[in-house]
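Asker: This is upload.txt, which holds compact mmCIF, C-alpha atoms and all ligand atoms:
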```txt
# COMPACT_ATOMS: atom_id res chain seq x y z
CA MET A 7 -92.79 81.91 -47.11
CA PRO A 8 -95.78 81.78 -44.75
CA ALA A 9 -95.21 79.99 -41.46
CA THR A 10 -97.82 77.35 -42.20
CA ARG A 11 -96.14 76.44 -45.48
CA ARG A 12 -92.75 76.37 -43.80
CA ALA A 13 -94.12 74.13 -41.06
CA ALA A 14 -95.52 71.81 -43.68
CA LEU A 15 -92.13 71.59 -45.35
CA PHE A 16 -90.28 70.99 -42.11
CA PRO A 17 -90.17 67.21 -42.19
CA VAL A 18 -89.07 67.22 -45.81
CA LEU A 19 -86.28 69.67 -45.16
CA ALA A 20 -85.26 67.82 -42.07
CA ALA A 21 -85.30 64.53 -43.90
CA ILE A 22 -83.26 65.74 -46.79
CA ALA A 23 -80.71 67.75 -44.91
CA LEU A 24 -80.35 65.70 -41.77
CA GLY A 25 -80.50 62.39 -43.50
CA VAL A 26 -82.57 61.09 -40.65
CA ALA A 27 -85.29 59.65 -42.79
CA ALA A 28 -83.37 57.24 -44.90
CA ALA A 29 -85.55 54.45 -46.24
CA PRO A 30 -85.90 51.72 -43.66
CA PRO A 31 -84.07 48.49 -44.34
CA ALA A 32 -85.92 45.82 -46.25
CA ALA A 33 -86.66 43.80 -43.15
CA LEU A 34 -88.60 46.74 -41.75
CA SER A 35 -89.86 48.26 -44.96
CA GLN A 36 -93.06 50.27 -44.84
CA SER A 37 -94.72 47.89 -47.23
CA ALA A 38 -95.04 45.47 -44.37
CA PRO A 39 -96.12 47.49 -41.34
CA ALA A 40 -98.55 44.86 -40.21
CA SER A 41 -96.05 42.76 -38.29
CA PRO A 42 -93.78 45.03 -36.26
CA ALA A 43 -94.46 42.88 -33.23
CA ALA A 44 -91.99 43.03 -30.44
CA SER A 45 -90.78 39.82 -28.87
CA PRO A 46 -93.52 38.30 -26.74
CA ALA A 47 -90.82 37.16 -24.32
CA ALA A 48 -91.90 39.33 -21.43
CA THR A 49 -94.80 41.41 -20.33
CA GLY A 50 -94.91 43.65 -17.32
CA THR A 51 -95.87 47.16 -16.38
CA VAL A 52 -94.95 50.08 -18.62
CA LEU A 53 -95.49 53.77 -17.95
CA VAL A 54 -95.72 56.07 -20.96
CA THR A 55 -95.66 59.86 -20.76
CA GLY A 56 -97.45 61.98 -23.36
CA ALA A 57 -99.84 59.14 -24.11
CA SER A 58 -102.78 61.22 -25.31
CA ARG A 59 -101.87 60.95 -28.99
CA GLY A 60 -99.11 60.32 -31.52
CA ILE A 61 -96.25 58.00 -30.68
CA GLY A 62 -97.18 57.87 -26.99
CA PHE A 63 -100.67 56.63 -27.69
CA GLU A 64 -99.36 54.06 -30.17
CA PHE A 65 -96.99 52.74 -27.48
CA VAL A 66 -99.97 52.36 -25.16
CA ARG A 67 -102.09 50.68 -27.82
CA GLN A 68 -99.39 48.17 -28.74
CA TYR A 69 -98.37 47.34 -25.18
CA VAL A 70 -102.02 46.74 -24.28
CA GLU A 71 -102.40 44.50 -27.29
CA ALA A 72 -99.33 42.56 -26.14
CA GLY A 73 -100.86 41.98 -22.71
CA TRP A 74 -98.91 44.49 -20.65
CA THR A 75 -100.26 46.54 -17.79
CA VAL A 76 -100.02 50.14 -18.95
CA ILE A 77 -99.91 53.33 -16.95
CA ALA A 78 -100.81 55.89 -19.58
CA THR A 79 -100.07 59.43 -18.49
CA ALA A 80 -101.27 62.61 -20.14
CA ARG A 81 -101.80 66.23 -19.26
CA LYS A 82 -105.54 65.76 -19.65
CA PRO A 83 -106.18 62.04 -19.96
CA GLN A 84 -109.96 62.41 -19.92
CA GLU A 85 -109.80 64.66 -22.98
CA SER A 86 -108.10 62.02 -25.11
CA SER A 87 -111.01 60.06 -26.55
CA ASP A 88 -108.56 57.42 -27.82
CA LEU A 89 -107.15 56.85 -24.34
CA VAL A 90 -110.52 56.89 -22.64
CA GLU A 91 -111.94 54.42 -25.14
CA LEU A 92 -108.93 52.11 -24.82
CA ALA A 93 -109.04 52.22 -21.03
CA SER A 94 -112.78 51.51 -21.01
CA ARG A 95 -112.14 48.25 -22.86
CA ASN A 96 -109.00 47.23 -20.98
CA PRO A 97 -108.80 46.91 -17.20
CA LYS A 98 -105.00 46.74 -17.48
CA VAL A 99 -104.87 50.38 -18.62
CA ARG A 100 -104.51 52.92 -15.85
CA LEU A 101 -104.90 56.56 -16.81
CA GLU A 102 -102.93 59.10 -14.80
CA GLN A 103 -102.60 62.86 -15.03
CA LEU A 104 -99.05 64.07 -15.63
CA ASP A 105 -97.67 67.34 -16.91
CA VAL A 106 -93.94 66.73 -17.12
CA VAL A 107 -93.03 70.40 -16.75
CA ASP A 108 -95.10 70.82 -13.61
CA ALA A 109 -93.19 69.82 -10.46
CA ALA A 110 -96.41 69.49 -8.44
CA SER A 111 -97.95 67.20 -11.07
CA VAL A 112 -94.86 64.98 -11.10
CA ALA A 113 -94.76 64.87 -7.29
CA ALA A 114 -98.45 63.97 -7.15
CA LEU A 115 -97.94 61.10 -9.60
CA LYS A 116 -95.00 59.84 -7.57
CA GLU A 117 -97.26 59.76 -4.53
CA ARG A 118 -100.10 57.98 -6.33
CA LEU A 119 -97.69 55.37 -7.66
CA ALA A 120 -95.94 54.72 -4.35
CA GLY A 121 -95.19 51.01 -4.13
CA VAL A 122 -96.14 50.28 -7.75
CA PRO A 123 -93.30 48.51 -9.59
CA ILE A 124 -92.67 49.73 -13.15
CA ASP A 125 -90.74 47.51 -15.52
CA VAL A 126 -90.33 50.01 -18.31
CA LEU A 127 -90.54 53.81 -18.11
CA ILE A 128 -90.92 55.51 -21.48
CA ASN A 129 -90.30 59.25 -21.43
CA ASN A 130 -92.10 60.18 -24.61
CA ALA A 131 -93.82 63.53 -23.96
CA GLY A 132 -92.33 66.28 -26.05
CA ASP A 133 -92.94 69.00 -28.57
CA THR A 134 -92.07 68.25 -32.17
CA ASP A 135 -93.90 71.09 -33.83
CA GLN A 136 -91.76 74.00 -32.72
CA PHE A 137 -90.61 74.85 -36.21
CA ARG A 138 -93.42 77.29 -36.73
CA GLY A 139 -92.07 80.44 -38.31
CA GLN A 140 -88.56 80.05 -36.98
CA SER A 141 -85.35 80.76 -38.85
CA PHE A 142 -82.04 82.30 -37.88
CA GLY A 143 -82.71 86.03 -37.68
CA LYS A 144 -86.31 85.40 -36.66
CA LEU A 145 -85.89 83.05 -33.73
CA ALA A 146 -88.65 82.83 -31.16
CA HIS A 147 -86.46 83.27 -28.11
CA ASP A 148 -89.39 83.00 -25.77
CA ARG A 149 -89.83 79.35 -26.80
CA PHE A 150 -86.31 78.18 -25.92
CA GLY A 151 -86.89 77.83 -22.20
CA TYR A 152 -90.13 75.94 -22.58
CA LEU A 153 -88.70 73.45 -25.07
CA MET A 154 -85.76 72.76 -22.79
CA GLU A 155 -88.15 72.33 -19.86
CA LEU A 156 -90.37 69.97 -21.81
CA ASN A 157 -87.99 67.91 -23.93
CA ALA A 158 -84.94 67.77 -21.67
CA HIS A 159 -85.82 68.65 -18.08
CA GLY A 160 -89.20 66.90 -18.13
CA PRO A 161 -87.83 63.39 -18.69
CA MET A 162 -85.21 63.91 -15.96
CA ARG A 163 -87.82 65.19 -13.53
CA VAL A 164 -90.10 62.22 -14.20
CA THR A 165 -87.24 59.73 -14.07
CA GLU A 166 -85.93 61.09 -10.78
CA ALA A 167 -89.42 60.85 -9.30
CA LEU A 168 -90.10 57.30 -10.50
CA VAL A 169 -86.68 55.65 -10.36
CA GLY A 170 -87.68 53.79 -7.19
CA ASN A 171 -90.64 52.27 -9.02
CA VAL A 172 -88.36 51.15 -11.86
CA GLU A 173 -85.87 49.71 -9.40
CA ALA A 174 -88.72 47.70 -7.90
CA GLY A 175 -89.69 46.35 -11.33
CA ARG A 176 -88.27 43.21 -12.88
CA GLN A 177 -86.98 44.64 -16.15
CA LYS A 178 -85.58 47.95 -14.83
CA LYS A 179 -85.54 49.92 -18.08
CA ILE A 180 -85.74 53.66 -18.64
CA LEU A 181 -86.12 55.06 -22.15
CA ALA A 182 -86.32 58.52 -23.60
CA VAL A 183 -87.84 59.14 -27.01
CA SER A 184 -85.22 61.44 -28.48
CA SER A 185 -84.49 62.49 -32.04
CA LEU A 186 -81.59 62.34 -34.43
CA ALA A 187 -82.08 66.10 -34.60
CA GLY A 188 -80.25 66.14 -31.25
CA SER A 189 -77.31 64.10 -32.48
CA PHE A 190 -73.94 65.76 -33.06
CA GLY A 191 -72.76 62.82 -35.11
CA ALA A 192 -75.76 62.76 -37.45
CA ASN A 193 -76.29 66.49 -37.78
CA GLY A 194 -75.78 67.41 -41.39
CA GLY A 195 -77.18 70.90 -40.90
CA GLY A 196 -80.81 70.18 -41.69
CA MET A 197 -83.97 71.37 -40.00
CA PRO A 198 -83.15 75.06 -40.46
CA GLY A 199 -84.48 77.12 -37.60
CA GLY A 200 -84.84 74.06 -35.40
CA TYR A 201 -82.20 75.22 -32.92
CA TRP A 202 -84.32 74.94 -29.80
CA TYR A 203 -85.60 71.47 -30.66
CA LYS A 204 -82.12 70.22 -31.52
CA ALA A 205 -80.63 71.70 -28.35
CA SER A 206 -83.35 70.20 -26.18
CA LYS A 207 -82.84 66.72 -27.61
CA ALA A 208 -79.03 67.02 -27.38
CA ALA A 209 -79.45 67.98 -23.72
CA LEU A 210 -81.78 65.04 -23.21
CA ASN A 211 -79.25 62.71 -24.83
CA VAL A 212 -76.33 63.76 -22.68
CA MET A 213 -78.41 63.53 -19.52
CA MET A 214 -79.61 60.01 -20.40
CA LEU A 215 -76.05 58.96 -21.14
CA SER A 216 -74.96 60.20 -17.73
CA LEU A 217 -77.96 58.57 -16.11
CA ALA A 218 -77.07 55.23 -17.69
CA GLN A 219 -73.71 55.42 -15.97
CA ASP A 220 -75.14 56.59 -12.65
CA LEU A 221 -77.85 53.92 -12.53
CA LYS A 222 -75.66 51.02 -13.63
CA PRO A 223 -74.83 49.98 -10.06
CA ARG A 224 -78.57 49.77 -9.36
CA GLY A 225 -79.08 47.39 -12.30
CA ILE A 226 -81.17 49.92 -14.25
CA LEU A 227 -80.75 50.19 -18.03
CA VAL A 228 -81.13 53.59 -19.71
CA ALA A 229 -81.26 54.30 -23.43
CA CYS A 230 -82.46 56.87 -25.93
CA LEU A 231 -84.72 55.90 -28.81
CA SER A 232 -85.02 57.43 -32.24
CA PRO A 233 -88.44 56.85 -33.81
CA GLY A 234 -87.55 57.96 -37.34
CA GLN A 235 -89.83 60.51 -38.96
CA VAL A 236 -93.39 59.71 -38.06
CA ASP A 237 -96.35 61.70 -39.32
CA THR A 238 -98.02 62.61 -36.04
CA GLN A 239 -99.00 66.08 -37.22
CA GLY A 240 -101.45 64.95 -39.89
CA TYR A 241 -99.44 65.85 -42.99
CA ALA A 242 -100.63 62.84 -44.98
CA LYS A 243 -104.25 63.66 -44.18
CA ARG A 244 -103.67 67.07 -45.70
CA GLY A 245 -102.30 65.47 -48.84
CA ILE A 246 -98.69 66.37 -48.09
CA THR A 247 -96.41 63.51 -49.00
CA MET A 248 -93.05 63.23 -47.36
CA PRO A 249 -90.19 61.02 -48.45
CA GLY A 250 -88.82 58.65 -45.86
CA MET A 251 -91.72 58.82 -43.46
CA VAL A 252 -92.03 55.79 -41.21
CA ASP A 253 -95.40 54.25 -40.48
CA ILE A 254 -96.26 54.83 -36.82
CA LYS A 255 -97.04 51.16 -36.19
CA LEU A 256 -93.70 50.18 -37.66
CA SER A 257 -91.79 52.81 -35.69
CA VAL A 258 -93.36 52.00 -32.35
CA GLY A 259 -93.31 48.26 -33.00
CA GLY A 260 -89.62 48.57 -33.76
CA MET A 261 -88.93 50.62 -30.64
CA ARG A 262 -90.82 48.08 -28.52
CA LYS A 263 -88.65 45.36 -29.96
CA VAL A 264 -85.55 47.39 -29.08
CA VAL A 265 -86.86 47.87 -25.54
CA ASP A 266 -87.74 44.18 -25.16
CA GLY A 267 -84.27 43.14 -26.17
CA LEU A 268 -82.34 45.88 -24.39
CA THR A 269 -79.20 44.52 -22.76
CA ALA A 270 -76.80 45.91 -20.19
CA ALA A 271 -74.28 46.37 -22.99
CA GLN A 272 -76.75 48.65 -24.78
CA SER A 273 -77.39 50.85 -21.77
CA GLY A 274 -76.10 54.32 -22.53
CA THR A 275 -76.70 54.07 -26.26
CA PHE A 276 -78.98 55.79 -28.75
CA ILE A 277 -80.97 53.27 -30.80
CA ARG A 278 -83.09 53.80 -33.89
CA TYR A 279 -86.49 52.11 -34.19
CA ASN A 280 -84.97 49.54 -36.54
CA GLY A 281 -82.32 48.51 -34.04
CA GLU A 282 -79.41 50.50 -35.50
CA VAL A 283 -77.21 52.23 -32.93
CA GLN A 284 -77.00 55.95 -33.70
CA PRO A 285 -74.13 58.35 -33.06
CA TRP A 286 -74.54 60.74 -30.14
N1 LIG B 301 -92.96 62.41 -34.88
C1 LIG B 301 -91.67 62.33 -35.18
O1 LIG B 301 -91.29 62.27 -36.38
C2 LIG B 301 -90.63 62.35 -34.11
C3 LIG B 301 -89.28 62.24 -34.52
C4 LIG B 301 -88.29 62.24 -33.54
C5 LIG B 301 -88.65 62.32 -32.20
N2 LIG B 301 -89.97 62.45 -31.84
C6 LIG B 301 -90.28 62.53 -30.40
O2 LIG B 301 -91.30 61.61 -30.08
C7 LIG B 301 -92.06 62.09 -28.96
C8 LIG B 301 -93.53 62.04 -29.32
O3 LIG B 301 -93.73 62.86 -30.47
P1 LIG B 301 -95.06 62.80 -31.35
O4 LIG B 301 -94.62 62.96 -32.75
O5 LIG B 301 -95.91 61.67 -30.94
O6 LIG B 301 -95.72 64.19 -30.92
P2 LIG B 301 -97.24 64.60 -30.69
O7 LIG B 301 -98.14 63.79 -31.54
O8 LIG B 301 -97.23 66.09 -30.84
O9 LIG B 301 -97.51 64.20 -29.19
C9 LIG B 301 -96.81 64.84 -28.15
C10 LIG B 301 -97.31 64.29 -26.83
O10 LIG B 301 -96.61 64.96 -25.79
C11 LIG B 301 -97.57 65.44 -24.86
N3 LIG B 301 -97.12 66.60 -24.12
C12 LIG B 301 -96.79 67.83 -24.59
N4 LIG B 301 -96.44 68.63 -23.57
C13 LIG B 301 -96.56 67.87 -22.44
C14 LIG B 301 -96.33 68.12 -21.08
N5 LIG B 301 -95.92 69.32 -20.62
N6 LIG B 301 -96.54 67.11 -20.19
C15 LIG B 301 -96.95 65.89 -20.61
N7 LIG B 301 -97.20 65.61 -21.90
C16 LIG B 301 -96.99 66.58 -22.78
C17 LIG B 301 -98.78 65.77 -25.71
O11 LIG B 301 -99.91 65.85 -24.88
P3 LIG B 301 -101.16 66.85 -25.12
O12 LIG B 301 -102.14 66.07 -25.91
O13 LIG B 301 -101.60 67.19 -23.75
O14 LIG B 301 -100.62 68.06 -25.86
C18 LIG B 301 -98.80 64.55 -26.63
O15 LIG B 301 -99.35 63.45 -25.97
C19 LIG B 301 -91.53 63.51 -28.70
O16 LIG B 301 -90.62 63.49 -27.64
C20 LIG B 301 -90.85 63.87 -30.00
O17 LIG B 301 -89.85 64.84 -29.86
C21 LIG B 301 -90.96 62.45 -32.76
```
Output the file's structure in the form of structure tokens.
Ligand SMILES: NC(=O)c1ccc[n+]([C@@H]2O[C@H](COP(=O)([O-])OP(=O)(O)OC[C@H]3O[C@@H](n4cnc5c(N)ncnc54)[C@H](OP(=O)(O)O)[C@@H]3O)[C@@H](O)[C@H]2O)c1
Answerer:
Amino acid sequence: MPATRRAALFPVLAAIALGVAAAPPAALSQSAPASPAASPAATGTVLVTGASRGIGFEFVRQYVEAGWTVIATARKPQESSDLVELASRNPKVRLEQLDVVDAASVAALKERLAGVPIDVLINNAGDTDQFRGQSFGKLAHDRFGYLMELNAHGPMRVTEALVGNVEAGRQKKILAVSSLAGSFGANGGGMPGGYWYKASKAALNVMMLSLAQDLKPRGILVACLSPGQVDTQGYAKRGITMPGMVDIKLSVGGMRKVVDGLTAAQSGTFIRYNGEVQPW
């Protein structure tokens, strides 16, 4: 099977075999994506990594709409027309350059944000499209290191750099957008060939769990989020229908609601966009 075809089938295979794309519960069904609104209880300052497109951009868009101050970071913020356009209309959007695998870029952001309190840090940047052409026997070994750097090490690097900002914020919340693909408890053997992605998200999960414990004395909450399967790679536009896909507005609206309501008791857990706690 050609790699492009296999890539196109990836979400379907993952959905079927991993069981990660079960239909959302009625209260959050895709027929009603218009009102995923998070609780308006609190606004503040949120920093989102990987905000140029996909889930990251949708976080930015929704937080702006809800009146938050948003620090939207991207590798090349000026090349994201969506971000630039949003920032041009909203003075509460601050665009910042950040490549999460580049130590110098992370250090430079830390310096630029010195003294800026951050209520919510959302580690979202990641690579979801690593399935290309991979299967056991034909694994792209040269991609393993990069995926671990990006999906696992990146969030830790960013979090370590900005933890002081979060500690200075009122809400003190750190999130990582993970995936059920990285769950031991939910892994039914799907996503064939997705070893590197799964390993990187499993590594991310265990690090966030440890971080939740380490940061507890500082009053900082840490949790992993599972967005469900969201079509950020343009499958629908290409006429490819996928069972169990979650509308991006619904997914991000749900995750925002989870973040808004996050309690100390939930720190160190893995929570799906619809509020269900997932197995590690
Ligand atoms: N979509 C899903 O179904 C799904 C399911 C489970 C988990 N997730 C997770 O959700 C997160 C967002 O995924 P998505 O679907 O929105 O993916 P996406 O549309 O491919 O967007 C990925 C984002 O990450 C950024 N990025 C990539 N490498 C980066 C780096 N080195 N430094 C900073 N930013 C970087 C990209 O920026 P550029 O524009 O510069 O490339 C882009 O903004 C990922 O962590 C992914 O694993 C997604």
Asker: Within 9 Å of (-94.1, 58.6, -31.1) (file coordinates; all atoms listed in the file), which protein or nucleic acid residues are there? I'd like them as a list of chain:residue names.
Answerer: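 Looking at atoms near the point gives A:Arg59, A:Gly60, A:Ile61, A:Gly62, A:Phe63, A:Glu64, A:Phe65, A:Asn130, A:Ala131, A:Val183, A:Pro233, A:Val236, A:Thr238, A:Ile254, A:Ser257, A:Val258.
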Asker: If I take atom CA of A:Gly260 and atom C4 of ligand LIG 301 (chain B), how far is one from the other in Å, to one decimal?
Answerer: 13.7 Å
Asker: Once you count only C-alpha atoms and all ligand atoms, which residues end up within 7 Å of ligand LIG 301 (chain B), and could you hand them over as a ChimeraX atom specification?
Answerer: /A:55-62,80-82,104-107,130-135,156-157,183-186,232-239
Asker: Would you mind telling me which residue in A:Tyr279, A:Gln103, A:Leu268, A:Tyr203 lies nearest to A:Arg118 when using only C-alpha atoms?
Answerer: A:Gln103
Asker: Ranking A:Leu92, A:Ala270, A:Leu256, A:Met248 by minimum distance to A:Val228 and counting all atoms listed in the file, which one comes first?
Answerer: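 Of all the options, A:Ala270 lies closest to A:Val228.
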Asker: For atom CA of A:Pro249 and atom CA of A:Lys207, quote the distance in Å rounded to one decimal.
Answerer: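 Those two atoms sit 22.8 Å apart.
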Asker: What is the distance, in Å and to one decimal place, between atom CA of A:Glu282 and atom CA of A:Leu215?
Answerer: 17.0 Å
Asker: Can you tell me, as an mmCIF file with C-alpha atoms, in the coordinates of the input, what residues are no more than 9 Å from A:Leu210 when counting all atoms listed in the file, ignoring any on the same chain fewer than 3 positions away?
Answerer:
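What follows is the written file result04.cif:
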```cif
data_model
loop_
_atom_site.group_PDB
_atom_site.id
_atom_site.type_symbol
_atom_site.label_atom_id
_atom_site.label_comp_id
_atom_site.auth_asym_id
_atom_site.auth_seq_id
_atom_site.Cartn_x
_atom_site.Cartn_y
_atom_site.Cartn_z
ATOM 1 C CA MET A 154 -85.760 72.760 -22.790
ATOM 2 C CA ASN A 157 -87.990 67.910 -23.930
ATOM 3 C CA ALA A 158 -84.940 67.770 -21.670
ATOM 4 C CA HIS A 159 -85.820 68.650 -18.080
ATOM 5 C CA PRO A 161 -87.830 63.390 -18.690
ATOM 6 C CA MET A 162 -85.210 63.910 -15.960
ATOM 7 C CA ALA A 182 -86.320 58.520 -23.600
ATOM 8 C CA SER A 184 -85.220 61.440 -28.480
ATOM 9 C CA GLY A 188 -80.250 66.140 -31.250
ATOM 10 C CA ALA A 205 -80.630 71.700 -28.350
ATOM 11 C CA SER A 206 -83.350 70.200 -26.180
ATOM 12 C CA LYS A 207 -82.840 66.720 -27.610
ATOM 13 C CA MET A 213 -78.410 63.530 -19.520
ATOM 14 C CA MET A 214 -79.610 60.010 -20.400
ATOM 15 C CA LEU A 215 -76.050 58.960 -21.140
ATOM 16 C CA CYS A 230 -82.460 56.870 -25.930
#
```
Asker: Have a look at A:Gln140, A:Ala208, A:Val169, A:Asp108 and name the one nearest to A:Tyr152; count only C-alpha atoms.
Answerer: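 With only C-alpha atoms as the atom set, the closest residue is A:Asp108.
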Asker: Go through A:Met197, A:Ile246, A:Ala229, A:Met261 and flag the residue nearest A:Phe276, using all atoms listed in the file for the distances.
Answerer: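 The shortest atom-to-atom distance to A:Phe276 comes from A:Ala229.
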Asker: Have a look at A:Lys116, A:Arg100, A:Arg95, A:Lys204 and name the one nearest to A:Pro83; count only C-alpha atoms.
Answerer: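 Selected residue with least distance to A:Pro83: A:Arg100.
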Asker: Can you pull out every residue within 10 Å of A:Lys98, counting all atoms listed in the file, but drop anything in the same chain fewer than 2 positions away, and send it as an MDAnalysis selection string?
Answerer: chainID A and resid 51 70 73:77 92:96 100:101
Asker: Restricting the calculation to all atoms listed in the file: of A:Ala167, A:Val66, A:Leu53, A:Ala78, which residue gets closest to A:Ala113?
Answerer: A:Ala167
Asker: Can you pull out every residue within 10 Å of A:Glu173, counting all atoms listed in the file, but drop anything in the same chain fewer than 2 positions away, and send it as a PyMOL selection string?
Answerer: chain A and resi 123-126+168-171+175-179+221+224-226
Asker: Please fill the gaps in stretch 97-119 of chain A so it has N, CA and C atoms, and write that as a compact mmCIF listing (two decimals), in the coordinates of the input.
Answerer:
```
# COMPACT_ATOMS: atom_id res chain seq x y z
N PRO A 97 -109.03 46.64 -18.63
CA PRO A 97 -108.80 46.91 -17.20
C PRO A 97 -107.31 47.05 -16.86
N LYS A 98 -106.43 46.62 -17.78
CA LYS A 98 -105.00 46.74 -17.48
C LYS A 98 -104.44 48.10 -17.86
N VAL A 99 -105.33 49.01 -18.31
CA VAL A 99 -104.87 50.38 -18.62
C VAL A 99 -105.26 51.30 -17.47
N ARG A 100 -104.27 51.96 -16.93
CA ARG A 100 -104.51 52.92 -15.85
C ARG A 100 -104.17 54.31 -16.36
N LEU A 101 -105.14 55.19 -16.34
CA LEU A 101 -104.90 56.56 -16.81
C LEU A 101 -104.46 57.43 -15.64
N GLU A 102 -103.42 58.22 -15.86
CA GLU A 102 -102.93 59.10 -14.80
C GLU A 102 -102.62 60.48 -15.38
N GLN A 103 -102.91 61.49 -14.61
CA GLN A 103 -102.60 62.86 -15.03
C GLN A 103 -101.11 63.11 -14.81
N LEU A 104 -100.46 63.68 -15.81
CA LEU A 104 -99.05 64.07 -15.63
C LEU A 104 -98.68 65.15 -16.63
N ASP A 105 -98.28 66.28 -16.09
CA ASP A 105 -97.67 67.34 -16.91
C ASP A 105 -96.20 67.33 -16.53
N VAL A 106 -95.34 66.96 -17.47
CA VAL A 106 -93.94 66.73 -17.12
C VAL A 106 -93.16 68.00 -16.79
N VAL A 107 -93.74 69.16 -17.11
CA VAL A 107 -93.03 70.40 -16.75
C VAL A 107 -93.54 70.98 -15.43
N ASP A 108 -94.47 70.31 -14.82
CA ASP A 108 -95.10 70.82 -13.61
C ASP A 108 -94.63 69.97 -12.42
N ALA A 109 -93.78 70.57 -11.58
CA ALA A 109 -93.19 69.82 -10.46
C ALA A 109 -94.27 69.23 -9.56
N ALA A 110 -95.35 69.98 -9.34
CA ALA A 110 -96.41 69.49 -8.44
C ALA A 110 -97.11 68.28 -9.06
N SER A 111 -97.30 68.32 -10.37
CA SER A 111 -97.95 67.20 -11.07
C SER A 111 -97.08 65.94 -10.99
N VAL A 112 -95.78 66.12 -11.17
CA VAL A 112 -94.86 64.98 -11.10
C VAL A 112 -94.83 64.42 -9.67
N ALA A 113 -94.79 65.31 -8.69
CA ALA A 113 -94.76 64.87 -7.29
C ALA A 113 -96.05 64.12 -6.93
N ALA A 114 -97.17 64.62 -7.45
CA ALA A 114 -98.45 63.97 -7.15
C ALA A 114 -98.50 62.57 -7.77
N LEU A 115 -97.95 62.43 -8.96
CA LEU A 115 -97.94 61.10 -9.60
C LEU A 115 -97.06 60.15 -8.79
N LYS A 116 -95.91 60.67 -8.38
CA LYS A 116 -95.00 59.84 -7.57
C LYS A 116 -95.75 59.30 -6.33
N GLU A 117 -96.52 60.16 -5.73
CA GLU A 117 -97.26 59.76 -4.53
C GLU A 117 -98.32 58.70 -4.87
N ARG A 118 -99.04 58.93 -5.96
CA ARG A 118 -100.10 57.98 -6.33
C ARG A 118 -99.53 56.63 -6.72
N LEU A 119 -98.30 56.63 -7.21
CA LEU A 119 -97.69 55.37 -7.66
C LEU A 119 -96.77 54.75 -6.61
```
